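Q: Here you go, this is coords.pdb (PDB, C-alpha atoms, pLDDT in the B column).
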ATOM      1  CA  MET E   1     -12.530 -22.802 -44.447  1.00 87.00           C
ATOM      2  CA  ARG E   2     -14.394 -22.868 -41.139  1.00 91.00           C
ATOM      3  CA  ILE E   3     -13.075 -20.682 -38.317  1.00 91.00           C
ATOM      4  CA  VAL E   4     -14.329 -21.037 -34.729  1.00 93.00           C
ATOM      5  CA  VAL E   5     -13.448 -18.102 -32.489  1.00 93.00           C
ATOM      6  CA  GLN E   6     -13.663 -18.608 -28.743  1.00 94.00           C
ATOM      7  CA  ALA E   7     -15.022 -16.022 -26.309  1.00 93.00           C
ATOM      8  CA  TRP E   8     -11.526 -15.098 -25.077  1.00 94.00           C
ATOM      9  CA  GLU E   9      -9.982 -14.384 -28.483  1.00 95.00           C
ATOM     10  CA  ASN E  10     -10.301 -12.554 -31.779  1.00 96.00           C
ATOM     11  CA  VAL E  11      -9.093 -13.702 -35.181  1.00 96.00           C
ATOM     12  CA  LEU E  12      -7.410 -11.400 -37.674  1.00 95.00           C
ATOM     13  CA  ILE E  13      -7.988 -12.296 -41.304  1.00 94.00           C
ATOM     14  CA  TYR E  14      -5.139 -11.435 -43.716  1.00 95.00           C
ATOM     15  CA  ARG E  15      -5.411 -11.894 -47.452  1.00 93.00           C
ATOM     16  CA  ASP E  16      -2.209 -11.541 -49.466  1.00 91.00           C
ATOM     17  CA  GLY E  17      -0.575 -10.006 -46.378  1.00 90.00           C
ATOM     18  CA  ILE E  18      -3.239  -7.290 -45.977  1.00 93.00           C
ATOM     19  CA  HIS E  19      -5.590  -7.169 -43.037  1.00 94.00           C
ATOM     20  CA  GLN E  20      -9.177  -7.709 -44.206  1.00 93.00           C
ATOM     21  CA  GLU E  21     -11.247  -8.036 -41.034  1.00 93.00           C
ATOM     22  CA  THR E  22     -11.287  -9.001 -37.364  1.00 94.00           C
ATOM     23  CA  LEU E  23     -13.580 -11.841 -36.351  1.00 95.00           C
ATOM     24  CA  GLY E  24     -15.236 -11.955 -32.943  1.00 93.00           C
ATOM     25  CA  PRO E  25     -16.406 -15.033 -31.014  1.00 94.00           C
ATOM     26  CA  GLY E  26     -18.507 -17.491 -33.023  1.00 94.00           C
ATOM     27  CA  ARG E  27     -18.343 -19.724 -36.110  1.00 94.00           C
ATOM     28  CA  HIS E  28     -17.235 -18.203 -39.408  1.00 93.00           C
ATOM     29  CA  ARG E  29     -16.588 -19.410 -42.972  1.00 91.00           C
ATOM     30  CA  ARG E  30     -13.983 -17.788 -45.169  1.00 90.00           C
ATOM     31  CA  SER E  31     -12.253 -18.675 -48.410  1.00 88.00           C
ATOM     32  CA  ARG E  32      -8.926 -20.448 -48.018  1.00 86.00           C
ATOM     33  CA  ARG E  33      -7.433 -18.739 -51.050  1.00 87.00           C
ATOM     34  CA  HIS E  34      -4.505 -16.548 -50.000  1.00 89.00           C
ATOM     35  CA  THR E  35      -6.082 -16.219 -46.511  1.00 91.00           C
ATOM     36  CA  VAL E  36      -4.148 -16.440 -43.266  1.00 93.00           C
ATOM     37  CA  PRO E  37      -5.996 -16.312 -39.914  1.00 95.00           C
ATOM     38  CA  VAL E  38      -4.177 -15.074 -36.804  1.00 95.00           C
ATOM     39  CA  TRP E  39      -5.603 -15.845 -33.367  1.00 95.00           C
ATOM     40  CA  VAL E  40      -5.105 -13.119 -30.746  1.00 95.00           C
ATOM     41  CA  PRO E  41      -6.060 -13.716 -27.072  1.00 94.00           C
ATOM     42  CA  VAL E  42      -7.961 -10.747 -25.658  1.00 94.00           C
ATOM     43  CA  ARG E  43      -8.615 -11.782 -22.054  1.00 93.00           C
ATOM     44  CA  PRO E  44      -6.693 -10.008 -19.269  1.00 93.00           C
ATOM     45  CA  ARG E  45      -3.362 -11.437 -18.261  1.00 92.00           C
ATOM     46  CA  LEU E  46      -1.426 -11.000 -15.031  1.00 93.00           C
ATOM     47  CA  MET E  47       2.213  -9.936 -15.262  1.00 92.00           C
ATOM     48  CA  ALA E  48       4.392 -10.054 -12.153  1.00 91.00           C
ATOM     49  CA  MET E  49       7.316  -7.664 -12.174  1.00 90.00           C
ATOM     50  CA  PRO E  50      10.079  -9.044  -9.913  1.00 90.00           C
ATOM     51  CA  VAL E  51      11.901  -6.896  -7.405  1.00 90.00           C
ATOM     52  CA  GLN E  52      13.420  -3.767  -8.946  1.00 87.00           C
ATOM     53  CA  GLU E  53      16.150  -1.833  -7.116  1.00 89.00           C
ATOM     54  CA  VAL E  54      15.407   1.879  -7.539  1.00 89.00           C
ATOM     55  CA  LEU E  55      16.954   5.073  -6.163  1.00 88.00           C
ATOM     56  CA  THR E  56      14.687   7.563  -4.402  1.00 88.00           C
ATOM     57  CA  GLY E  57      14.967  11.322  -4.743  1.00 87.00           C
ATOM     58  CA  ASP E  58      17.130  11.514  -1.604  1.00 84.00           C
ATOM     59  CA  GLY E  59      19.603   8.961  -2.960  1.00 84.00           C
ATOM     60  CA  LEU E  60      18.470   5.908  -0.989  1.00 84.00           C
ATOM     61  CA  SER E  61      18.076   2.468  -2.526  1.00 86.00           C
ATOM     62  CA  VAL E  62      14.700   0.744  -2.251  1.00 89.00           C
ATOM     63  CA  LYS E  63      13.432  -2.490  -3.775  1.00 90.00           C
ATOM     64  CA  LEU E  64       9.932  -2.628  -5.281  1.00 92.00           C
ATOM     65  CA  SER E  65       7.866  -5.227  -7.090  1.00 92.00           C
ATOM     66  CA  LEU E  66       4.642  -4.732  -9.052  1.00 93.00           C
ATOM     67  CA  VAL E  67       1.754  -6.786 -10.390  1.00 95.00           C
ATOM     68  CA  LEU E  68       0.233  -5.655 -13.714  1.00 95.00           C
ATOM     69  CA  THR E  69      -3.110  -6.520 -15.276  1.00 95.00           C
ATOM     70  CA  VAL E  70      -2.771  -6.174 -19.060  1.00 95.00           C
ATOM     71  CA  ARG E  71      -5.531  -6.669 -21.617  1.00 94.00           C
ATOM     72  CA  THR E  72      -5.549  -6.679 -25.424  1.00 95.00           C
ATOM     73  CA  ALA E  73      -7.663  -3.660 -26.333  1.00 94.00           C
ATOM     74  CA  ASP E  74      -6.959  -3.611 -30.083  1.00 95.00           C
ATOM     75  CA  PRO E  75      -6.086  -7.056 -31.490  1.00 96.00           C
ATOM     76  CA  ARG E  76      -4.734  -5.680 -34.756  1.00 95.00           C
ATOM     77  CA  LEU E  77      -2.385  -3.189 -33.088  1.00 95.00           C
ATOM     78  CA  TRP E  78      -1.344  -5.873 -30.597  1.00 95.00           C
ATOM     79  CA  HIS E  79      -0.312  -8.110 -33.482  1.00 95.00           C
ATOM     80  CA  GLU E  80       1.131  -5.502 -35.859  1.00 94.00           C
ATOM     81  CA  ALA E  81       2.517  -2.541 -33.864  1.00 92.00           C
ATOM     82  CA  VAL E  82       5.565  -4.114 -32.237  1.00 92.00           C
ATOM     83  CA  ASP E  83       7.231  -7.473 -31.887  1.00 91.00           C
ATOM     84  CA  GLY E  84       6.339  -8.545 -28.357  1.00 90.00           C
ATOM     85  CA  PRO E  85       3.775  -5.991 -27.111  1.00 93.00           C
ATOM     86  CA  ALA E  86       3.719  -7.497 -23.605  1.00 92.00           C
ATOM     87  CA  ALA E  87       7.475  -6.955 -23.271  1.00 92.00           C
ATOM     88  CA  PHE E  88       7.023  -3.406 -24.590  1.00 94.00           C
ATOM     89  CA  VAL E  89       4.446  -2.617 -21.875  1.00 94.00           C
ATOM     90  CA  TYR E  90       6.629  -4.309 -19.250  1.00 93.00           C
ATOM     91  CA  SER E  91       9.629  -2.118 -20.158  1.00 94.00           C
ATOM     92  CA  ALA E  92       7.491   1.044 -20.194  1.00 95.00           C
ATOM     93  CA  VAL E  93       6.254   0.251 -16.671  1.00 95.00           C
ATOM     94  CA  GLN E  94       9.832  -0.309 -15.475  1.00 94.00           C
ATOM     95  CA  ILE E  95      10.911   3.105 -16.768  1.00 94.00           C
ATOM     96  CA  ALA E  96       7.826   4.869 -15.377  1.00 95.00           C
ATOM     97  CA  LEU E  97       8.386   3.253 -11.967  1.00 94.00           C
ATOM     98  CA  ARG E  98      11.978   4.508 -11.819  1.00 93.00           C
ATOM     99  CA  GLU E  99      10.941   8.028 -12.819  1.00 94.00           C
ATOM    100  CA  GLU E 100       8.145   8.174 -10.245  1.00 93.00           C
ATOM    101  CA  VAL E 101      10.312   6.864  -7.398  1.00 92.00           C
ATOM    102  CA  ALA E 102      13.174   9.225  -8.334  1.00 92.00           C
ATOM    103  CA  ALA E 103      10.811  12.151  -7.766  1.00 92.00           C
ATOM    104  CA  LEU E 104      10.046  11.082  -4.165  1.00 89.00           C
ATOM    105  CA  THR E 105      12.008  10.892  -0.938  1.00 88.00           C
ATOM    106  CA  LEU E 106      11.932   7.576   0.904  1.00 85.00           C
ATOM    107  CA  ASP E 107       9.548   8.959   3.543  1.00 84.00           C
ATOM    108  CA  ALA E 108       7.197  10.282   0.841  1.00 88.00           C
ATOM    109  CA  LEU E 109       7.339   6.944  -0.991  1.00 87.00           C
ATOM    110  CA  LEU E 110       6.431   4.955   2.124  1.00 84.00           C
ATOM    111  CA  ALA E 111       3.647   7.401   2.956  1.00 86.00           C
ATOM    112  CA  ASP E 112       2.173   7.233  -0.566  1.00 86.00           C
ATOM    113  CA  ARG E 113       2.393   3.534  -1.402  1.00 86.00           C
ATOM    114  CA  ALA E 114      -1.248   3.515  -2.508  1.00 86.00           C
ATOM    115  CA  GLY E 115      -0.834   6.402  -4.958  1.00 91.00           C
ATOM    116  CA  LEU E 116       2.404   5.290  -6.648  1.00 92.00           C
ATOM    117  CA  PRO E 117       0.948   2.375  -8.698  1.00 93.00           C
ATOM    118  CA  GLU E 118      -1.849   4.549 -10.102  1.00 94.00           C
ATOM    119  CA  ARG E 119       0.623   7.239 -11.179  1.00 94.00           C
ATOM    120  CA  VAL E 120       2.709   4.570 -12.925  1.00 94.00           C
ATOM    121  CA  ARG E 121      -0.404   3.271 -14.714  1.00 95.00           C
ATOM    122  CA  LEU E 122      -1.385   6.744 -15.908  1.00 94.00           C
ATOM    123  CA  ALA E 123       2.156   7.409 -17.118  1.00 95.00           C
ATOM    124  CA  VAL E 124       2.150   4.252 -19.246  1.00 95.00           C
ATOM    125  CA  GLN E 125      -1.432   4.071 -20.523  1.00 94.00           C
ATOM    126  CA  ASP E 126      -0.805   6.046 -23.736  1.00 95.00           C
ATOM    127  CA  GLN E 127       2.233   3.952 -24.645  1.00 95.00           C
ATOM    128  CA  ALA E 128       0.245   0.792 -23.936  1.00 95.00           C
ATOM    129  CA  ALA E 129      -2.644   1.989 -26.133  1.00 95.00           C
ATOM    130  CA  ALA E 130      -0.189   2.598 -29.002  1.00 95.00           C
ATOM    131  CA  VAL E 131       0.537  -1.160 -29.137  1.00 95.00           C
ATOM    132  CA  GLY E 132      -3.081  -2.234 -28.657  1.00 95.00           C
ATOM    133  CA  ALA E 133      -2.846  -2.920 -24.927  1.00 95.00           C
ATOM    134  CA  ALA E 134      -4.812  -1.618 -21.971  1.00 95.00           C
ATOM    135  CA  LEU E 135      -3.138  -1.463 -18.579  1.00 93.00           C
ATOM    136  CA  ASP E 136      -6.174  -2.093 -16.373  1.00 93.00           C
ATOM    137  CA  ALA E 137      -4.426  -2.151 -12.996  1.00 93.00           C
ATOM    138  CA  VAL E 138      -1.028  -1.766 -11.355  1.00 94.00           C
ATOM    139  CA  ALA E 139      -0.520  -2.981  -7.793  1.00 93.00           C
ATOM    140  CA  LEU E 140       2.484  -2.516  -5.537  1.00 91.00           C
ATOM    141  CA  ARG E 141       3.318  -5.921  -4.106  1.00 89.00           C
ATOM    142  CA  ASP E 142       6.520  -5.405  -2.100  1.00 86.00           C
ATOM    143  CA  VAL E 143       8.475  -2.460  -0.714  1.00 85.00           C
ATOM    144  CA  ILE E 144      11.835  -3.475   0.753  1.00 84.00           C
ATOM    145  CA  VAL E 145      14.064  -0.872   2.381  1.00 81.00           C
ATOM    146  CA  PRO E 146      17.734  -1.572   3.302  1.00 70.00           C
ATOM    147  CA  ALA E 147      18.353  -3.435   6.560  1.00 63.00           C
ATOM    148  CA  GLU E 148      20.246  -0.510   8.127  1.00 62.00           C
ATOM    149  CA  LEU E 149      17.282   1.788   7.509  1.00 55.00           C
ATOM    150  CA  ARG E 150      14.907  -0.749   9.051  1.00 51.00           C
ATOM    151  CA  ARG E 151      17.124  -0.964  12.133  1.00 56.00           C
ATOM    152  CA  ALA E 152      17.279   2.839  12.364  1.00 52.00           C
ATOM    153  CA  ALA E 153      13.496   3.079  12.061  1.00 52.00           C
ATOM    154  CA  ALA E 154      13.043   0.438  14.781  1.00 54.00           C
ATOM    155  CA  ALA E 155      15.465   2.289  17.085  1.00 53.00           C
ATOM    156  CA  LEU E 156      13.647   5.557  16.456  1.00 57.00           C
ATOM    157  CA  ALA E 157      10.275   3.975  17.217  1.00 57.00           C
ATOM    158  CA  SER E 158      11.680   2.433  20.424  1.00 59.00           C
ATOM    159  CA  ALA E 159      13.161   5.757  21.544  1.00 61.00           C
ATOM    160  CA  ARG E 160       9.878   7.520  20.791  1.00 69.00           C
ATOM    161  CA  ALA E 161       7.953   4.934  22.841  1.00 67.00           C
ATOM    162  CA  GLU E 162      10.381   5.227  25.760  1.00 68.00           C
ATOM    163  CA  GLY E 163      10.093   9.010  25.643  1.00 73.00           C
ATOM    164  CA  LEU E 164       6.299   8.843  25.732  1.00 75.00           C
ATOM    165  CA  ALA E 165       6.415   6.403  28.656  1.00 72.00           C
ATOM    166  CA  ALA E 166       8.799   8.682  30.596  1.00 75.00           C
ATOM    167  CA  LEU E 167       6.563  11.666  29.872  1.00 79.00           C
ATOM    168  CA  GLU E 168       3.506   9.778  31.130  1.00 79.00           C
ATOM    169  CA  ARG E 169       5.326   8.759  34.330  1.00 78.00           C
ATOM    170  CA  ALA E 170       6.346  12.370  34.922  1.00 78.00           C
ATOM    171  CA  ARG E 171       2.776  13.525  34.415  1.00 82.00           C
ATOM    172  CA  SER E 172       1.514  10.930  36.887  1.00 81.00           C
ATOM    173  CA  GLU E 173       4.066  11.995  39.494  1.00 80.00           C
ATOM    174  CA  VAL E 174       3.170  15.660  39.041  1.00 79.00           C
ATOM    175  CA  ALA E 175      -0.535  14.831  39.372  1.00 82.00           C
ATOM    176  CA  ALA E 176       0.069  12.802  42.549  1.00 78.00           C
ATOM    177  CA  THR E 177       2.202  15.568  44.070  1.00 83.00           C
ATOM    178  CA  ARG E 178      -0.423  18.168  43.201  1.00 81.00           C
ATOM    179  CA  ALA E 179      -3.152  16.025  44.817  1.00 78.00           C
ATOM    180  CA  MET E 180      -1.102  15.636  48.004  1.00 78.00           C
ATOM    181  CA  ALA E 181      -0.414  19.380  48.139  1.00 80.00           C
ATOM    182  CA  ASN E 182      -4.106  20.135  47.718  1.00 78.00           C
ATOM    183  CA  ALA E 183      -4.990  17.678  50.500  1.00 75.00           C
ATOM    184  CA  ALA E 184      -2.399  19.217  52.828  1.00 78.00           C
ATOM    185  CA  ARG E 185      -3.742  22.746  52.226  1.00 78.00           C
ATOM    186  CA  LEU E 186      -7.313  21.567  52.737  1.00 75.00           C
ATOM    187  CA  MET E 187      -6.522  19.935  56.099  1.00 71.00           C
ATOM    188  CA  ALA E 188      -4.472  22.943  57.205  1.00 77.00           C
ATOM    189  CA  ASP E 189      -7.411  25.236  56.451  1.00 76.00           C
ATOM    190  CA  HIS E 190      -9.993  22.856  57.993  1.00 72.00           C
ATOM    191  CA  PRO E 191      -8.528  20.950  61.001  1.00 73.00           C
ATOM    192  CA  ALA E 192     -11.853  19.207  61.601  1.00 73.00           C
ATOM    193  CA  LEU E 193     -11.335  17.246  58.382  1.00 69.00           C
ATOM    194  CA  LEU E 194      -8.296  15.557  59.927  1.00 67.00           C
ATOM    195  CA  ALA E 195     -10.438  14.421  62.871  1.00 70.00           C
ATOM    196  CA  LEU E 196     -13.086  13.051  60.509  1.00 71.00           C
ATOM    197  CA  ARG E 197     -10.441  11.236  58.496  1.00 70.00           C
ATOM    198  CA  THR E 198      -9.114   9.724  61.742  1.00 70.00           C
ATOM    199  CA  LEU E 199     -12.570   8.429  62.662  1.00 68.00           C
ATOM    200  CA  GLN E 200     -12.974   6.936  59.180  1.00 71.00           C
ATOM    201  CA  ALA E 201      -9.668   5.082  59.603  1.00 68.00           C
ATOM    202  CA  VAL E 202     -10.842   3.692  62.961  1.00 68.00           C
ATOM    203  CA  GLU E 203     -14.174   2.554  61.518  1.00 68.00           C
ATOM    204  CA  ALA E 204     -12.479   0.901  58.572  1.00 69.00           C
ATOM    205  CA  GLY E 205     -10.239  -1.152  60.889  1.00 64.00           C
ATOM    206  CA  GLY E 206      -6.627  -2.102  60.346  1.00 58.00           C
ATOM    207  CA  ALA E 207      -5.396   1.212  61.795  1.00 58.00           C
ATOM    208  CA  THR E 208      -3.901   2.268  65.132  1.00 64.00           C
ATOM    209  CA  VAL E 209      -4.966   5.617  66.567  1.00 60.00           C
ATOM    210  CA  VAL E 210      -2.575   7.411  68.938  1.00 63.00           C
ATOM    211  CA  LEU E 211      -4.145  10.225  70.986  1.00 58.00           C
ATOM    212  CA  SER E 212      -1.893  12.956  72.294  1.00 57.00           C
ATOM    213  CA  ALA E 213      -2.192  14.454  75.744  1.00 52.00           C
ATOM    214  CA  ASP E 214      -1.545  17.886  74.306  1.00 54.00           C
ATOM    215  CA  PRO E 215      -4.942  19.592  73.881  1.00 52.00           C
ATOM    216  CA  ALA E 216      -3.660  21.243  70.712  1.00 51.00           C
ATOM    217  CA  LEU E 217      -3.214  17.752  69.210  1.00 48.00           C
ATOM    218  CA  ALA E 218      -6.353  16.239  70.700  1.00 45.00           C
ATOM    219  CA  THR E 219      -7.691  15.295  67.307  1.00 47.00           C
ATOM    220  CA  GLY E 220      -5.247  12.352  67.232  1.00 47.00           C
ATOM    221  CA  HIS E 221      -3.207  10.686  64.516  1.00 48.00           C
ATOM    222  CA  ALA E 222      -4.066   7.579  62.519  1.00 47.00           C
ATOM    223  CA  THR E 223      -1.300   5.192  61.621  1.00 47.00           C
ATOM    224  CA  SER E 224      -1.628   2.013  59.754  1.00 46.00           C
TER     225      SER E 224
END
In structure tokens, what does this structure look like?
A:
Amino acid sequence: MRIVVQAWENVLIYRDGIHQETLGPGRHRRSRRHTVPVWVPVRPRLMAMPVQEVLTGDGLSVKLSLVLTVRTADPRLWHEAVDGPAAFVYSAVQIALREEVAALTLDALLADRAGLPERVRLAVQDQAAAVGAALDAVALRDVIVPAELRRAAAALASARAEGLAALERARSEVAATRAMANAARLMADHPALLALRTLQAVEAGGATVVLSADPALATGHATS
């Protein structure tokens, strides 16, 4: 018989129920006598894991979803090792995800969202290899925390922002008071500066200068 194997598959040849060979892409001729060919796709496939509700190490519930890239690394093992190798890998990833999340607090989980998928992949890779699969990539798609925790986080962020704003206002007021105190000391130590400042106000316009008859106050006062 003629067997044509496409680039994205391999063909397992069984004779009398015993594996004889694995055919790669191309055209092949084999005897039909007691021969059964089995086509096995080897190109990567994307598996979306829907939202899983998992408990963190500090007892909080969080919902996660993953995207897996699975490839057939060994066509014979993929066909022979277990019934439904894709489901086997899927279940192994579910268990590994729960174990990894259970070892983290919620804060640590949110801070290490990039590292969690890789740890799950490493935890499952040997089990995947045992059924002829290769787990090429694991990506964390969604992280959903309970609504009450989101509200608490929003309130905390708002309080932190208000505190920073109040602190900045206080700093500005202290700086302004310090500048005024420095100016007052400078004018007290150098009376001539007050006279110069008065003349500047007159030259700039928009100011009224009141001169006192008291010689001690002869420098005058500028009022706007």
Q: Could you write out as a PyMOL selection string the residues that the PyMOL selection byres ((chain E and resi 142) around 12) matches in the shown file?
A: chain E and resi 48-53+62-67+110+113-114+117+139-141+143-145
Q: Which one of E:Ala175, E:Val93, E:Val42, E:Val36 sits closest to Trp8 of chain E if you count all atoms listed in the file?
A: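 Answer, going by the shortest atom-to-atom distance: E:Val42.
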Q: Go ahead and compute the interatomic distance for atom CA of Met47 of chain E and atom CA of Ser61 of chain E, in Å to one decimal.
A: 23.8 Å
Q: Would you mind telling me which residue in E:Val4, E:Ala165, E:Leu12, E:Ala87 lies nearest to Val70 of chain E when using all atoms listed in the file?
A: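 Looking at the shortest contact to Val70 of chain E, the residue is E:Ala87.
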Q: Would you list the contacts of Ala134 of chain E as a VMD selection string, taking every protein, DNA or RNA residue within 8 Å and counting all atoms listed in the file, but skipping same-chain residues closer than 2 positions in sequence?
A: chain E and resid 70 to 73 125 128 to 129 132 136
Q: Measure the distance from atom CA of Asp74 of chain E to atom CA of Ala133 of chain E in Å and round it to one decimal.
A: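 These two atoms are separated by 6.6 Å.
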Q: Mind telling me what the PyMOL selection byres ((chain E and resi 11) around 9) catches here, as a list in words?
A: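 Those residues are Ile3, Val5, Glu9, Asn10, Leu12, Ile13, Glu21, Thr22, Leu23, Gly24, Pro25, Pro37, Val38, Trp39, Val40, Pro41 and Pro75 of chain E.
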Q: Write to file, as a PDB file, keeping the file's coordinate frame, the residues of the selection just made, with C-alpha atoms.
A:
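Saved file again36.pdb follows:
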ATOM      1  CA  ILE E   3     -13.075 -20.682 -38.317  1.00 91.00           C
ATOM      2  CA  VAL E   5     -13.448 -18.102 -32.489  1.00 93.00           C
ATOM      3  CA  GLU E   9      -9.982 -14.384 -28.483  1.00 95.00           C
ATOM      4  CA  ASN E  10     -10.301 -12.554 -31.779  1.00 96.00           C
ATOM      5  CA  LEU E  12      -7.410 -11.400 -37.674  1.00 95.00           C
ATOM      6  CA  ILE E  13      -7.988 -12.296 -41.304  1.00 94.00           C
ATOM      7  CA  GLU E  21     -11.247  -8.036 -41.034  1.00 93.00           C
ATOM      8  CA  THR E  22     -11.287  -9.001 -37.364  1.00 94.00           C
ATOM      9  CA  LEU E  23     -13.580 -11.841 -36.351  1.00 95.00           C
ATOM     10  CA  GLY E  24     -15.236 -11.955 -32.943  1.00 93.00           C
ATOM     11  CA  PRO E  25     -16.406 -15.033 -31.014  1.00 94.00           C
ATOM     12  CA  PRO E  37      -5.996 -16.312 -39.914  1.00 95.00           C
ATOM     13  CA  VAL E  38      -4.177 -15.074 -36.804  1.00 95.00           C
ATOM     14  CA  TRP E  39      -5.603 -15.845 -33.367  1.00 95.00           C
ATOM     15  CA  VAL E  40      -5.105 -13.119 -30.746  1.00 95.00           C
ATOM     16  CA  PRO E  41      -6.060 -13.716 -27.072  1.00 94.00           C
ATOM     17  CA  PRO E  75      -6.086  -7.056 -31.490  1.00 96.00           C
TER      18      PRO E  75
END
Q: Compare E:Val131, E:Ala176, E:Val120, E:Met1 by their minimum atom-to-atom distance to Arg32 of chain E, counting all atoms listed in the file, and give me the closest one.
A: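 Nearest to Arg32 of chain E: E:Met1.
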Q: Record the distance separating atom CA of Phe88 of chain E and atom CA of Thr69 of chain E, expressed in Å with one decimal.
A: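 It comes out at 14.1 Å.
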Q: Using the file's own x, y and z axes, so that the box edges lie along x, y and z, what centre and edge lengths in Å (one decimal) does a box around every listed atom of segment 32-42 of chain E get when 4 Å is added on each side? Give it as lines of an AutoDock Vina configuration file.
A:
center_x = -6.5
center_y = -15.6
center_z = -38.4
size_x = 12.8
size_y = 17.7
size_z = 33.4
Q: Could you list, as a ChimeraX atom specification, every residue within 8 Å of Arg2 of chain E, counting all atoms listed in the file and ignoring same-chain residues fewer than 2 positions away?
A: /E:4,27-30
Q: Carefully work through the PyMOL selection byres ((chain E and resi 100) around 12) for this structure and note down the residues it includes, as a PyMOL selection string.
A: chain E and resi 54-57+93-99+101-106+108-109+112-113+115-124
Q: Closest to Leu46 of chain E among E:Ala92, E:Leu164, E:Ala86, E:Ala192, using all atoms listed in the file?
A: E:Ala86
Q: Rebuild segment 105-110 of chain E to all heavy atoms - output it as a CSV table (one decimal), in the frame of the given file, please.
A:
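So out.csv came out as:
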chain,number,residue,atom,x,y,z
E,105,THR,N,11.1,11.3,-2.0
E,105,THR,CA,12.0,10.9,-0.9
E,105,THR,C,11.5,9.6,-0.4
E,105,THR,O,10.4,9.1,-0.7
E,105,THR,CB,12.0,11.9,0.2
E,105,THR,OG1,10.7,12.0,0.8
E,105,THR,CG2,12.4,13.3,-0.3
E,106,LEU,N,12.3,8.9,0.4
E,106,LEU,CA,11.9,7.6,0.9
E,106,LEU,C,10.7,7.7,1.8
E,106,LEU,O,9.8,6.9,1.7
E,106,LEU,CB,13.1,6.9,1.7
E,106,LEU,CG,12.8,5.6,2.3
E,106,LEU,CD1,12.4,4.6,1.2
E,106,LEU,CD2,14.0,5.1,3.1
E,107,ASP,N,10.7,8.8,2.7
E,107,ASP,CA,9.5,9.0,3.5
E,107,ASP,C,8.3,9.2,2.7
E,107,ASP,O,7.2,8.7,3.1
E,107,ASP,CB,9.8,10.1,4.5
E,107,ASP,CG,10.9,9.8,5.5
E,107,ASP,OD1,11.1,8.6,5.8
E,107,ASP,OD2,11.4,10.8,6.1
E,108,ALA,N,8.4,10.0,1.7
E,108,ALA,CA,7.2,10.3,0.8
E,108,ALA,C,6.7,9.0,0.1
E,108,ALA,O,5.5,8.8,0.0
E,108,ALA,CB,7.5,11.4,-0.2
E,109,LEU,N,7.7,8.2,-0.3
E,109,LEU,CA,7.3,6.9,-1.0
E,109,LEU,C,6.6,6.0,-0.1
E,109,LEU,O,5.5,5.4,-0.4
E,109,LEU,CB,8.6,6.3,-1.5
E,109,LEU,CG,8.5,4.8,-2.0
E,109,LEU,CD1,7.6,4.8,-3.3
E,109,LEU,CD2,9.8,4.2,-2.4
E,110,LEU,N,7.1,5.9,1.2
E,110,LEU,CA,6.4,5.0,2.1
E,110,LEU,C,5.1,5.5,2.5
E,110,LEU,O,4.1,4.7,2.8
E,110,LEU,CB,7.3,4.8,3.4
E,110,LEU,CG,8.7,4.1,3.1
E,110,LEU,CD1,9.5,4.0,4.4
E,110,LEU,CD2,8.4,2.7,2.5
